[in-house]
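Raw contents of protein_3.pdb, PDB, C-alpha atoms:
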ATOM      1  CA  MET H  18      27.882 -28.761 -41.070
ATOM      2  CA  GLY H  19      28.783 -29.056 -37.394
ATOM      3  CA  TRP H  20      31.582 -26.504 -37.657
ATOM      4  CA  ILE H  21      29.350 -24.158 -39.639
ATOM      5  CA  LEU H  22      26.670 -24.297 -36.962
ATOM      6  CA  LEU H  23      29.190 -23.792 -34.154
ATOM      7  CA  THR H  24      30.741 -20.816 -35.939
ATOM      8  CA  ASN H  25      27.319 -19.271 -36.436
ATOM      9  CA  ALA H  26      26.406 -19.827 -32.790
ATOM     10  CA  LEU H  27      29.536 -17.919 -31.784
ATOM     11  CA  LEU H  28      28.694 -15.219 -34.333
ATOM     12  CA  ALA H  29      25.183 -14.867 -32.901
ATOM     13  CA  ALA H  30      26.530 -14.747 -29.348
ATOM     14  CA  GLY H  31      29.029 -12.015 -30.238
ATOM     15  CA  VAL H  32      26.466  -9.890 -32.076
ATOM     16  CA  SER H  33      23.887 -10.275 -29.317
ATOM     17  CA  LEU H  34      26.357  -9.480 -26.546
ATOM     18  CA  GLY H  35      27.592  -6.418 -28.430
ATOM     19  CA  VAL H  36      24.069  -5.047 -28.790
ATOM     20  CA  ALA H  37      23.317  -5.831 -25.125
ATOM     21  CA  VAL H  38      26.371  -3.828 -24.067
ATOM     22  CA  LEU H  39      25.249  -0.882 -26.208
ATOM     23  CA  VAL H  40      21.747  -1.006 -24.709
ATOM     24  CA  TRP H  41      23.241  -1.252 -21.224
ATOM     25  CA  LYS H  42      25.291   1.877 -21.865
ATOM     26  CA  ALA H  43      22.356   3.724 -23.470
ATOM     27  CA  GLY H  44      20.262   3.153 -20.348
ATOM     28  CA  VAL H  45      16.636   2.937 -21.545
ATOM     29  CA  MET H  46      15.350   2.118 -18.067
ATOM     30  CA  ASP H  47      12.806  -0.420 -16.888
ATOM     31  CA  VAL H  48      11.152   1.176 -13.848
ATOM     32  CA  PRO H  49       9.728  -1.373 -11.342
ATOM     33  CA  GLY H  50       5.939  -1.752 -11.462
ATOM     34  CA  ASN H  51       3.183  -3.995 -10.109
ATOM     35  CA  ARG H  52       4.352  -7.059 -12.075
ATOM     36  CA  SER H  53       8.084  -6.486 -11.631
ATOM     37  CA  MET H  54      10.260  -8.937  -9.745
ATOM     38  CA  HIS H  55      13.028  -6.343  -9.304
ATOM     39  CA  THR H  56      13.271  -3.237  -7.138
ATOM     40  CA  ASP H  57      15.833  -1.050  -8.930
ATOM     41  CA  PRO H  58      15.531   0.652 -12.343
ATOM     42  CA  THR H  59      17.462  -1.437 -14.889
ATOM     43  CA  PRO H  60      18.243  -0.882 -18.598
ATOM     44  CA  ARG H  61      15.942  -2.859 -20.877
ATOM     45  CA  GLY H  62      15.898  -3.898 -24.523
ATOM     46  CA  GLY H  63      19.175  -5.814 -24.260
ATOM     47  CA  ALA H  64      17.982  -8.879 -26.161
ATOM     48  CA  VAL H  65      16.856  -6.942 -29.241
ATOM     49  CA  GLY H  66      20.271  -7.963 -30.599
ATOM     50  CA  LEU H  67      18.600 -11.284 -31.437
ATOM     51  CA  VAL H  68      17.240  -9.611 -34.578
ATOM     52  CA  ALA H  69      20.758  -8.704 -35.685
ATOM     53  CA  ALA H  70      22.047 -12.146 -34.665
ATOM     54  CA  ALA H  71      19.356 -13.859 -36.718
ATOM     55  CA  GLY H  72      20.120 -11.650 -39.696
ATOM     56  CA  ALA H  73      23.833 -12.480 -39.487
ATOM     57  CA  VAL H  74      23.244 -16.228 -39.178
ATOM     58  CA  PHE H  75      20.746 -16.408 -42.023
ATOM     59  CA  ALA H  76      23.068 -14.338 -44.210
ATOM     60  CA  VAL H  77      25.560 -17.169 -43.827
ATOM     61  CA  LEU H  78      22.837 -19.709 -44.680
ATOM     62  CA  ALA H  79      22.069 -17.765 -47.856
ATOM     63  CA  LEU H  80      25.680 -18.241 -48.989
ATOM     64  CA  LEU H  81      25.565 -22.029 -48.588
ATOM     65  CA  PRO H  82      24.656 -24.267 -51.562
ATOM     66  CA  VAL H  83      21.682 -25.748 -49.706
ATOM     67  CA  PRO H  84      17.899 -25.158 -49.742
ATOM     68  CA  HIS H  85      17.052 -22.085 -47.697
ATOM     69  CA  GLY H  86      13.513 -23.166 -46.913
ATOM     70  CA  ASN H  87      11.317 -20.331 -45.673
ATOM     71  CA  ALA H  88      14.083 -18.217 -44.139
ATOM     72  CA  PRO H  89      12.811 -14.869 -45.560
ATOM     73  CA  GLY H  90       9.411 -15.298 -43.934
ATOM     74  CA  LEU H  91      11.015 -16.336 -40.659
ATOM     75  CA  LEU H  92      13.310 -13.311 -40.644
ATOM     76  CA  GLY H  93      10.381 -11.038 -41.507
ATOM     77  CA  LEU H  94       8.470 -12.300 -38.479
ATOM     78  CA  VAL H  95      11.463 -11.764 -36.182
ATOM     79  CA  ALA H  96      12.056  -8.253 -37.537
ATOM     80  CA  LEU H  97       8.394  -7.275 -37.124
ATOM     81  CA  MET H  98       8.168  -8.536 -33.557
ATOM     82  CA  GLY H  99      11.502  -6.975 -32.635
ATOM     83  CA  ALA H 100      10.374  -3.617 -34.006
ATOM     84  CA  LEU H 101       7.007  -3.877 -32.255
ATOM     85  CA  GLY H 102       8.645  -4.699 -28.939
ATOM     86  CA  ALA H 103      11.235  -1.939 -29.301
ATOM     87  CA  CYS H 104       8.458   0.591 -29.930
ATOM     88  CA  ASP H 105       6.697  -0.633 -26.815
ATOM     89  CA  ASP H 106       9.904  -0.349 -24.771
ATOM     90  CA  VAL H 107      10.427   3.248 -25.869
ATOM     91  CA  LEU H 108       6.890   4.576 -26.429
ATOM     92  CA  GLY H 109       4.728   2.359 -24.223
ATOM     93  CA  LEU H 110       2.109   0.904 -26.606
ATOM     94  CA  SER H 111      -1.262  -0.285 -25.350
ATOM     95  CA  SER H 112      -1.859  -4.024 -25.057
ATOM     96  CA  ARG H 113      -4.650  -3.838 -27.624
ATOM     97  CA  VAL H 114      -2.381  -2.251 -30.229
ATOM     98  CA  LYS H 115       0.348  -4.825 -29.605
ATOM     99  CA  PHE H 116      -2.045  -7.769 -29.851
ATOM    100  CA  ALA H 117      -3.610  -6.378 -33.036
ATOM    101  CA  VAL H 118      -0.221  -6.061 -34.740
ATOM    102  CA  MET H 119       0.784  -9.516 -33.509
ATOM    103  CA  THR H 120      -2.433 -11.048 -34.862
ATOM    104  CA  VAL H 121      -2.010  -9.572 -38.332
ATOM    105  CA  GLY H 122       1.707 -10.366 -38.380
ATOM    106  CA  ALA H 123       1.095 -13.965 -37.285
ATOM    107  CA  LEU H 124      -1.436 -14.515 -40.081
ATOM    108  CA  VAL H 125       0.816 -12.988 -42.743
ATOM    109  CA  PHE H 126       4.019 -14.724 -41.743
ATOM    110  CA  ALA H 127       2.408 -18.083 -40.972
ATOM    111  CA  GLY H 128       1.582 -18.255 -44.644
ATOM    112  CA  ALA H 129       5.090 -17.132 -45.600
ATOM    113  CA  ILE H 130       6.862 -19.631 -43.334
ATOM    114  CA  GLY H 131       4.662 -22.599 -44.127
ATOM    115  CA  VAL H 132       1.344 -24.051 -42.988
ATOM    116  CA  PRO H 133       1.273 -27.732 -41.893
ATOM    117  CA  GLY H 134      -1.046 -29.757 -44.073
ATOM    118  CA  TYR H 135      -1.575 -32.622 -41.652
ATOM    119  CA  LEU H 136      -2.038 -33.292 -37.960
ATOM    120  CA  ALA H 137      -0.388 -36.700 -37.727
ATOM    121  CA  PHE H 138      -0.670 -39.206 -34.902
ATOM    122  CA  SER H 139       1.288 -41.809 -36.870
ATOM    123  CA  GLY H 140       2.240 -42.514 -40.457
ATOM    124  CA  THR H 141      -1.212 -43.942 -41.157
ATOM    125  CA  ILE H 142      -3.434 -42.046 -38.699
ATOM    126  CA  TYR H 143      -3.661 -38.332 -39.428
ATOM    127  CA  LEU H 144      -6.058 -35.489 -40.114
ATOM    128  CA  VAL H 145      -5.810 -33.407 -43.256
ATOM    129  CA  LEU H 146      -5.724 -29.691 -42.437
ATOM    130  CA  PRO H 147      -7.296 -27.623 -45.223
ATOM    131  CA  PRO H 148      -5.848 -24.105 -45.606
ATOM    132  CA  TRP H 149      -8.821 -22.465 -43.899
ATOM    133  CA  ILE H 150      -7.947 -24.487 -40.767
ATOM    134  CA  GLY H 151      -4.188 -24.811 -41.191
ATOM    135  CA  LEU H 152      -3.456 -21.108 -41.650
ATOM    136  CA  PRO H 153      -5.372 -19.872 -38.575
ATOM    137  CA  GLY H 154      -3.930 -22.772 -36.598
ATOM    138  CA  ALA H 155      -0.365 -21.906 -37.585
ATOM    139  CA  ALA H 156      -0.997 -18.224 -36.857
ATOM    140  CA  LEU H 157      -2.461 -19.121 -33.457
ATOM    141  CA  PHE H 158       0.667 -21.138 -32.659
ATOM    142  CA  LEU H 159       2.882 -18.153 -33.527
ATOM    143  CA  PHE H 160       0.707 -15.775 -31.499
ATOM    144  CA  VAL H 161       0.553 -18.005 -28.411
ATOM    145  CA  VAL H 162       4.257 -18.880 -28.327
ATOM    146  CA  ILE H 163       5.426 -15.304 -28.909
ATOM    147  CA  ASN H 164       3.198 -14.006 -26.133
ATOM    148  CA  ALA H 165       4.093 -16.872 -23.792
ATOM    149  CA  VAL H 166       7.799 -16.092 -24.127
ATOM    150  CA  ASN H 167       7.044 -12.412 -23.544
ATOM    151  CA  PHE H 168       4.984 -13.144 -20.422
ATOM    152  CA  MET H 169       7.660 -15.434 -18.975
ATOM    153  CA  ASP H 170      10.480 -12.907 -19.333
ATOM    154  CA  GLY H 171      10.119 -11.514 -15.840
ATOM    155  CA  SER H 172      13.130 -12.639 -13.816
ATOM    156  CA  ASP H 173      16.903 -12.733 -14.192
ATOM    157  CA  GLY H 174      18.119 -15.370 -16.627
ATOM    158  CA  MET H 175      14.644 -16.783 -17.239
ATOM    159  CA  LEU H 176      14.490 -16.053 -20.980
ATOM    160  CA  ALA H 177      17.754 -17.851 -21.735
ATOM    161  CA  ALA H 178      17.108 -20.696 -19.280
ATOM    162  CA  GLY H 179      13.709 -21.569 -20.692
ATOM    163  CA  ILE H 180      14.435 -21.091 -24.399
ATOM    164  CA  ILE H 181      18.035 -22.217 -25.027
ATOM    165  CA  PRO H 182      17.124 -25.918 -24.554
ATOM    166  CA  GLY H 183      14.257 -25.522 -27.031
ATOM    167  CA  ALA H 184      16.551 -23.746 -29.476
ATOM    168  CA  LEU H 185      19.049 -26.597 -29.289
ATOM    169  CA  GLY H 186      16.149 -28.981 -29.832
ATOM    170  CA  LEU H 187      15.330 -27.099 -33.032
ATOM    171  CA  VAL H 188      18.918 -27.534 -34.178
ATOM    172  CA  MET H 189      18.924 -31.290 -33.598
ATOM    173  CA  ALA H 190      15.438 -31.899 -35.007
ATOM    174  CA  GLY H 191      16.089 -29.611 -37.970
ATOM    175  CA  LEU H 192      19.272 -31.452 -38.884
ATOM    176  CA  SER H 193      17.664 -34.881 -38.508
ATOM    177  CA  THR H 194      14.700 -33.958 -40.730
ATOM    178  CA  GLY H 195      16.530 -31.789 -43.259
ATOM    179  CA  HIS H 196      14.928 -28.483 -42.211
ATOM    180  CA  LEU H 197      18.042 -26.297 -42.232
ATOM    181  CA  ASP H 198      16.038 -23.092 -41.790
ATOM    182  CA  ALA H 199      14.791 -24.475 -38.447
ATOM    183  CA  ALA H 200      18.305 -25.586 -37.499
ATOM    184  CA  PHE H 201      19.790 -22.162 -38.274
ATOM    185  CA  ALA H 202      16.957 -20.465 -36.379
ATOM    186  CA  GLY H 203      17.857 -22.605 -33.368
ATOM    187  CA  VAL H 204      21.537 -21.736 -33.726
ATOM    188  CA  ALA H 205      20.802 -18.001 -33.923
ATOM    189  CA  LEU H 206      18.466 -18.216 -30.924
ATOM    190  CA  ALA H 207      20.715 -20.341 -28.698
ATOM    191  CA  GLY H 208      23.829 -18.327 -29.535
ATOM    192  CA  GLY H 209      22.069 -14.990 -29.237
ATOM    193  CA  LEU H 210      20.546 -15.835 -25.859
ATOM    194  CA  ALA H 211      23.878 -17.151 -24.586
ATOM    195  CA  GLY H 212      25.482 -13.813 -25.448
ATOM    196  CA  PHE H 213      22.646 -11.902 -23.806
ATOM    197  CA  LEU H 214      22.864 -14.078 -20.688
ATOM    198  CA  VAL H 215      26.299 -12.617 -19.920
ATOM    199  CA  LEU H 216      24.545  -9.422 -18.814
ATOM    200  CA  ASN H 217      21.165 -10.914 -17.857
ATOM    201  CA  ARG H 218      22.260 -13.553 -15.350
ATOM    202  CA  ALA H 219      21.418 -12.757 -11.734
ATOM    203  CA  PRO H 220      21.806 -10.054 -10.661
ATOM    204  CA  ALA H 221      20.840  -8.776 -14.121
ATOM    205  CA  ARG H 222      22.543  -5.660 -15.438
ATOM    206  CA  VAL H 223      20.196  -5.442 -18.433
ATOM    207  CA  PHE H 224      16.744  -6.837 -19.219
ATOM    208  CA  ALA H 225      15.515  -8.235 -22.520
ATOM    209  CA  GLY H 226      12.614  -5.803 -22.830
ATOM    210  CA  ASP H 227       9.674  -6.496 -25.123
ATOM    211  CA  GLY H 228      11.954  -5.967 -28.108
ATOM    212  CA  GLY H 229      14.080  -8.870 -26.953
ATOM    213  CA  SER H 230      11.437 -11.248 -25.644
ATOM    214  CA  LEU H 231       9.181 -10.826 -28.689
ATOM    215  CA  SER H 232      12.194 -11.400 -30.965
ATOM    216  CA  ALA H 233      13.113 -14.554 -29.056
ATOM    217  CA  GLY H 234       9.548 -15.834 -29.180
ATOM    218  CA  ALA H 235       9.288 -15.109 -32.901
ATOM    219  CA  LEU H 236      12.606 -16.775 -33.692
ATOM    220  CA  TYR H 237      11.616 -19.942 -31.835
ATOM    221  CA  ALA H 238       8.019 -20.018 -33.080
ATOM    222  CA  GLY H 239       9.024 -19.328 -36.688
ATOM    223  CA  GLY H 240      11.730 -21.978 -36.609
ATOM    224  CA  ALA H 241       9.375 -24.489 -35.011
ATOM    225  CA  LEU H 242       6.696 -23.791 -37.624
ATOM    226  CA  ALA H 243       9.251 -24.298 -40.391
ATOM    227  CA  LEU H 244      10.237 -27.562 -38.706
ATOM    228  CA  ALA H 245       6.653 -28.791 -38.524
ATOM    229  CA  GLY H 246       6.453 -29.029 -42.326
ATOM    230  CA  THR H 247       3.627 -31.328 -43.345
ATOM    231  CA  GLY H 248       3.345 -32.795 -39.857
ATOM    232  CA  LEU H 249       3.689 -36.378 -41.120
ATOM    233  CA  SER H 250       7.150 -36.802 -39.564
ATOM    234  CA  GLY H 251       5.835 -36.072 -36.074
ATOM    235  CA  THR H 252       7.701 -32.794 -35.871
ATOM    236  CA  LEU H 253       4.453 -30.859 -35.479
ATOM    237  CA  TRP H 254       4.215 -32.206 -31.919
ATOM    238  CA  LEU H 255       7.763 -31.120 -31.139
ATOM    239  CA  ALA H 256       6.990 -27.455 -31.857
ATOM    240  CA  PRO H 257       5.048 -26.882 -28.602
ATOM    241  CA  LEU H 258       6.843 -29.661 -26.693
ATOM    242  CA  PHE H 259      10.257 -27.971 -26.764
ATOM    243  CA  VAL H 260       8.880 -24.918 -24.903
ATOM    244  CA  LEU H 261       6.175 -26.735 -22.941
ATOM    245  CA  PRO H 262       7.239 -25.442 -19.467
ATOM    246  CA  PHE H 263       6.675 -21.853 -20.650
ATOM    247  CA  LEU H 264       3.413 -22.702 -22.411
ATOM    248  CA  ALA H 265       2.110 -24.682 -19.429
ATOM    249  CA  ASP H 266       2.893 -21.859 -17.008
ATOM    250  CA  VAL H 267       1.179 -19.229 -19.149
ATOM    251  CA  LEU H 268      -1.882 -21.215 -20.211
ATOM    252  CA  LEU H 269      -2.570 -22.734 -16.788
ATOM    253  CA  THR H 270      -2.087 -19.361 -15.101
ATOM    254  CA  MET H 271      -4.570 -17.833 -17.542
ATOM    255  CA  ALA H 272      -7.011 -20.656 -16.823
ATOM    256  CA  ARG H 273      -6.746 -20.046 -13.056
ATOM    257  CA  ARG H 274      -7.237 -16.322 -13.530
ATOM    258  CA  ALA H 275     -10.239 -16.934 -15.789
ATOM    259  CA  ALA H 276     -11.771 -19.244 -13.187
ATOM    260  CA  GLY H 277     -11.335 -16.482 -10.614
ATOM    261  CA  GLY H 278     -12.788 -13.797 -12.887
ATOM    262  CA  ARG H 279      -9.420 -12.049 -13.251
ATOM    263  CA  LEU H 280      -8.643 -12.738 -16.917
ATOM    264  CA  ASN H 281      -7.709  -9.377 -18.449
ATOM    265  CA  LEU H 282      -4.804  -7.601 -20.136
ATOM    266  CA  GLU H 283      -3.424  -6.144 -16.915
ATOM    267  CA  ALA H 284       0.019  -7.115 -15.593
ATOM    268  CA  HIS H 285       0.040  -9.534 -12.656
ATOM    269  CA  ARG H 286       2.321 -11.683 -10.501
ATOM    270  CA  GLU H 287       0.524 -15.024 -10.627
ATOM    271  CA  HIS H 288       2.810 -17.028 -12.917
ATOM    272  CA  LEU H 289       4.437 -20.021 -11.274
ATOM    273  CA  TYR H 290       7.930 -18.541 -11.491
ATOM    274  CA  GLN H 291       6.685 -15.353  -9.810
ATOM    275  CA  ARG H 292       5.062 -17.391  -7.034
ATOM    276  CA  LEU H 293       8.346 -19.232  -6.424
ATOM    277  CA  ILE H 294      10.337 -15.996  -6.201
ATOM    278  CA  ALA H 295       7.732 -14.542  -3.838
ATOM    279  CA  ALA H 296       8.085 -17.729  -1.754
ATOM    280  CA  GLY H 297      11.797 -17.096  -1.309
ATOM    281  CA  TRP H 298      13.487 -18.842  -4.235
ATOM    282  CA  SER H 299      16.344 -16.949  -5.875
ATOM    283  CA  HIS H 300      16.130 -15.861  -9.517
ATOM    284  CA  SER H 301      18.966 -18.253 -10.366
ATOM    285  CA  ARG H 302      17.269 -21.217  -8.712
ATOM    286  CA  VAL H 303      14.007 -20.560 -10.539
ATOM    287  CA  ALA H 304      15.791 -20.173 -13.883
ATOM    288  CA  LEU H 305      17.668 -23.439 -13.372
ATOM    289  CA  GLY H 306      14.407 -25.198 -12.552
ATOM    290  CA  TYR H 307      12.834 -24.074 -15.824
ATOM    291  CA  ALA H 308      16.020 -24.947 -17.723
ATOM    292  CA  ALA H 309      15.884 -28.481 -16.303
ATOM    293  CA  ALA H 310      12.191 -28.878 -17.178
ATOM    294  CA  SER H 311      12.774 -27.596 -20.719
ATOM    295  CA  THR H 312      15.740 -29.933 -21.167
ATOM    296  CA  VAL H 313      13.638 -32.924 -20.133
ATOM    297  CA  CYS H 314      10.941 -31.978 -22.654
ATOM    298  CA  VAL H 315      13.488 -31.528 -25.443
ATOM    299  CA  MET H 316      15.223 -34.834 -24.736
ATOM    300  CA  ALA H 317      11.880 -36.648 -24.611
ATOM    301  CA  GLY H 318      10.866 -35.100 -27.929
ATOM    302  CA  LEU H 319      14.124 -35.985 -29.683
ATOM    303  CA  LEU H 320      13.922 -39.574 -28.418
ATOM    304  CA  ALA H 321      10.323 -39.777 -29.625
ATOM    305  CA  LEU H 322      11.395 -38.596 -33.070
ATOM    306  CA  THR H 323      13.562 -41.718 -33.374
ATOM    307  CA  GLY H 324      11.001 -44.045 -31.814
ATOM    308  CA  PRO H 325       8.024 -45.979 -33.172
ATOM    309  CA  GLU H 326       5.304 -44.276 -35.185
ATOM    310  CA  GLY H 327       3.053 -42.148 -33.044
ATOM    311  CA  SER H 328       5.698 -41.600 -30.356
ATOM    312  CA  PRO H 329       5.876 -37.778 -30.688
ATOM    313  CA  ALA H 330       2.117 -37.406 -30.162
ATOM    314  CA  LEU H 331       2.116 -39.747 -27.169
ATOM    315  CA  VAL H 332       5.151 -38.058 -25.614
ATOM    316  CA  PHE H 333       3.571 -34.628 -26.043
ATOM    317  CA  VAL H 334       0.349 -35.741 -24.334
ATOM    318  CA  GLY H 335       2.286 -37.418 -21.541
ATOM    319  CA  MET H 336       4.579 -34.453 -20.933
ATOM    320  CA  ALA H 337       1.614 -32.064 -21.008
ATOM    321  CA  GLY H 338      -0.010 -34.120 -18.258
ATOM    322  CA  ILE H 339       3.191 -34.129 -16.212
ATOM    323  CA  MET H 340       3.701 -30.367 -16.598
ATOM    324  CA  THR H 341       0.092 -29.766 -15.532
ATOM    325  CA  ALA H 342       0.550 -31.865 -12.413
ATOM    326  CA  VAL H 343       3.861 -30.164 -11.607
ATOM    327  CA  PHE H 344       2.244 -26.747 -12.008
ATOM    328  CA  PHE H 345      -0.442 -27.373  -9.404
ATOM    329  CA  VAL H 346       1.854 -29.202  -6.983
ATOM    330  CA  VAL H 347       4.445 -26.424  -7.076
ATOM    331  CA  CYS H 348       1.749 -23.738  -6.783
ATOM    332  CA  GLY H 349       0.623 -25.399  -3.577
ATOM    333  CA  TYR H 350       4.201 -25.612  -2.348
ATOM    334  CA  ALA H 351       4.801 -21.911  -3.077
ATOM    335  CA  ALA H 352       1.601 -20.932  -1.256
ATOM    336  CA  ARG H 353       2.614 -22.904   1.823
ATOM    337  CA  ARG H 354       6.099 -21.365   1.806
ATOM    338  CA  ARG H 355       4.626 -17.844   1.664
ATOM    339  CA  ASN H 356       2.317 -18.562   4.594
ATOM    340  CA  GLN H 357       5.080 -19.846   6.855
TER     341      GLN H 357
END

In structure tokens, how does this file's structure come out?
Amino acid sequence: MGWILLTNALLAAGVSLGVAVLVWKAGVMDVPGNRSMHTDPTPRGGAVGLVAAAGAVFAVLALLPVPHGNAPGLLGLVALMGALGACDDVLGLSSRVKFAVMTVGALVFAGAIGVPGYLAFSGTIYLVLPPWIGLPGAALFLFVVINAVNFMDGSDGMLAAGIIPGALGLVMAGLSTGHLDAAFAGVALAGGLAGFLVLNRAPARVFAGDGGSLSAGALYAGGALALAGTGLSGTLWLAPLFVLPFLADVLLTMARRAAGGRLNLEAHREHLYQRLIAAGWSHSRVALGYAAASTVCVMAGLLALTGPEGSPALVFVGMAGIMTAVFFVVCGYAARRRNQ
């Protein structure tokens, strides 16, 4: 299985890089705006090749004599979000239209991928999630993660840096729990983002665009939801843990904006990574910082999966507290650097 996964990672990287080159040559430009962290028009939509990469990888999975899990639903979610993002890149959809389509898509494909039936703290302490709670909860997870990845795709290399560790976490957790659809989703995502990174590393020659970032978010969120299964194995806690630095940045930034009466659908530059760049950090340094934080979360989650009962829940709570503290400490640091 190791050679199969490696071959598919290389396949995903090649497909994704090929599409990124085509988008780069086509030149659908991203013109700098209020939220932009760049100053020159740059081609966007380069990561939409993740849709093709996922299709290629799951085509290989379909040929293997193994259970395919909920791969069709996962691919449907990725295709929908990729198409929605591509339309936004080309036509400029309103935020309300995008969120409406995302909401409906999340509800439909949450049911197709699989709704966790339990919220487990250990093998003996858990809450049963009836469908009328489980389905909206699973859809909310898809919606939040997809949008968080989209919001965090605002600087060179950030998308790959923050998500590749989580994708590799999906591979390892999927293999250890027998969820091959989650493992193949992680392979497609890690390989596809690695191929895209060739042109997106600083200074970026092509941006992901909404087509790319929504595809990446959907591929991770769908794979993580497939991994969660019934929740009794503790994998439900790993789903948000593997991308916790992105989720913490987005949710805590929204909370600060809400407290200041600024919570709306307008673009802004208040995310932690944007504050660091404004304070003088390079795009590469910021991306490496998020990659390191994501790697720590993934390693902690994988260790918890092999630990005593209840470890995944405790690790998630602990890491959430650490990420919250880091957020506010680094925000203060960035503010002081800007005022010097």

Practice item. List every protein, DNA or RNA residue with an atom no more than 10 Å from (22.6, -15.7, -27.7) in the file's coordinates, counting only C-alpha atoms, and format the result as JSON, numbers by chain. Key: {"H": [26, 27, 28, 29, 30, 31, 32, 33, 34, 64, 66, 67, 70, 71, 177, 181, 204, 205, 206, 207, 208, 209, 210, 211, 212, 213, 214, 215, 233]}

Point to revise | Among listed residues H:Leu157, H:Ala265, H:Val36, H:Ala351, nearest Leu293 of chain H (using only C-alpha atoms) | key: H:Ala351

Exercise for review: Would you kindly return, as a PyMOL selection string, each protein, DNA or RNA residue with an atom no farther than 12 Å from any atom of Thr120 of chain H, considering only C-alpha atoms and excluding same-chain residues fewer than 3 positions away?
Suggested key: chain H and resi 94+97-98+113-117+123-127+153-161+163-164

For the PyMOL selection byres ((chain H and resi 259) around 6), applied here, can you spell out every residue it catches as a PDB file with C-alpha atoms, in the frame of the given file?
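Output (expr-v3.pdb):
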ATOM      1  CA  GLY H 183      14.257 -25.522 -27.031  1.00  0.00           C
ATOM      2  CA  LEU H 255       7.763 -31.120 -31.139  1.00  0.00           C
ATOM      3  CA  PRO H 257       5.048 -26.882 -28.602  1.00  0.00           C
ATOM      4  CA  LEU H 258       6.843 -29.661 -26.693  1.00  0.00           C
ATOM      5  CA  VAL H 260       8.880 -24.918 -24.903  1.00  0.00           C
ATOM      6  CA  LEU H 261       6.175 -26.735 -22.941  1.00  0.00           C
ATOM      7  CA  CYS H 314      10.941 -31.978 -22.654  1.00  0.00           C
ATOM      8  CA  VAL H 315      13.488 -31.528 -25.443  1.00  0.00           C
TER       9      VAL H 315
END

Check which residues of segment 131-247 of chain H sit at most 12 Å from segment 285-288 of chain H using all atoms listed in the file, and return one row each with the closest pair of atoms and their distance in Å to one decimal, ordered by chain and rising number, as CSV.
residue,atom,partner,partner_atom,distance
H:Ala165,CA,H:His288,CA,11.0
H:Phe168,CA,H:His288,CA,8.7
H:Met169,CA,H:His288,CA,7.9
H:Asp170,CA,H:His288,CA,10.8
H:Gly171,CA,H:Arg286,CA,9.5
H:Ser172,CA,H:His288,CA,11.3

Review point. Distance atom CA of Ser311 of chain H-atom CA of Arg353 of chain H, one decimal place?
Key: 25.2 Å

**Study point:** Closest of H:Thr323, H:Thr341, H:Ser232, H:Ser328 to Phe138 of chain H - atom-to-atom distances counting all atoms listed in the file
**Key:** H:Ser328

**Study point:** Option closest in space to Leu152 of chain H, from H:Gly99, H:Gly349, H:Gly134, H:Pro220 [counting only C-alpha atoms]
**Key:** H:Gly134

Review point. Which one of H:Gly240, H:Gly226, H:Gly109, H:Gly63 sits closest to Leu92 of chain H if you count only C-alpha atoms?
Key: H:Gly240

**Study point:** Residue IDs satisfying the PyMOL selection byres ((chain H and resi 331) around 12), as a PyMOL selection string
**Key:** chain H and resi 137-139+251+254-255+258+317-318+320-322+324-330+332-338

Point to revise | Nearest-residue call for Asn217 of chain H, choices H:Gly195, H:Gly229, H:Gly174, H:Gly93, using only C-alpha atoms | key: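 Closest to Asn217 of chain H of all the choices is H:Gly174.
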
Check your understanding: Using all atoms listed in the file, which residue out of H:Gly128, H:Gly278, H:Gly62, H:Gly191 lies closest to Ser230 of chain H?
Key ->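 Nearest to Ser230 of chain H: H:Gly62.
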
Practice item. With a distance cut-off of 10 Å and only C-alpha atoms, select the neighbouring residues of Pro133 of chain H, excluding the residue or stretch itself and same-chain residues fewer than 4 positions from it, and output the selection as number ranges by chain. Key: H: 127-128, 145-148, 150-152, 154-155, 242-249, 253

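Residues within 12 Å of Pro82 of chain H, counting all atoms listed in the file and excluding same-chain residues fewer than 3 positions away, are Met18, Val77, Leu78, Ala79, His85 and Leu197 of chain H.
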
Practice item. May I ask for the distance between atom CA of Arg302 of chain H and atom CA of Leu269 of chain H, given in Å to one decimal place? Key: 21.5 Å

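What separates atom CA of Gly306 of chain H from atom CA of Asp106 of chain H is a distance of 28.1 Å.
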
Please rebuild segment 340-346 of chain H with N, CA and C atoms and return the result as a compact mmCIF listing (two decimals), keeping the file's coordinate frame.
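Written out: rebuild.txt:
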# COMPACT_ATOMS: atom_id res chain seq x y z
N MET H 340 3.51 -31.79 -16.87
CA MET H 340 3.70 -30.37 -16.60
C MET H 340 2.49 -29.77 -15.89
N THR H 341 1.30 -30.25 -16.22
CA THR H 341 0.09 -29.77 -15.53
C THR H 341 0.12 -30.16 -14.06
N ALA H 342 0.48 -31.41 -13.80
CA ALA H 342 0.55 -31.86 -12.41
C ALA H 342 1.62 -31.10 -11.64
N VAL H 343 2.78 -30.91 -12.26
CA VAL H 343 3.86 -30.16 -11.61
C VAL H 343 3.43 -28.74 -11.29
N PHE H 344 2.71 -28.12 -12.21
CA PHE H 344 2.24 -26.75 -12.01
C PHE H 344 1.43 -26.63 -10.73
N PHE H 345 0.45 -27.50 -10.56
CA PHE H 345 -0.44 -27.37 -9.40
C PHE H 345 0.25 -27.79 -8.11
N VAL H 346 1.11 -28.79 -8.18
CA VAL H 346 1.85 -29.20 -6.98
C VAL H 346 2.78 -28.08 -6.51
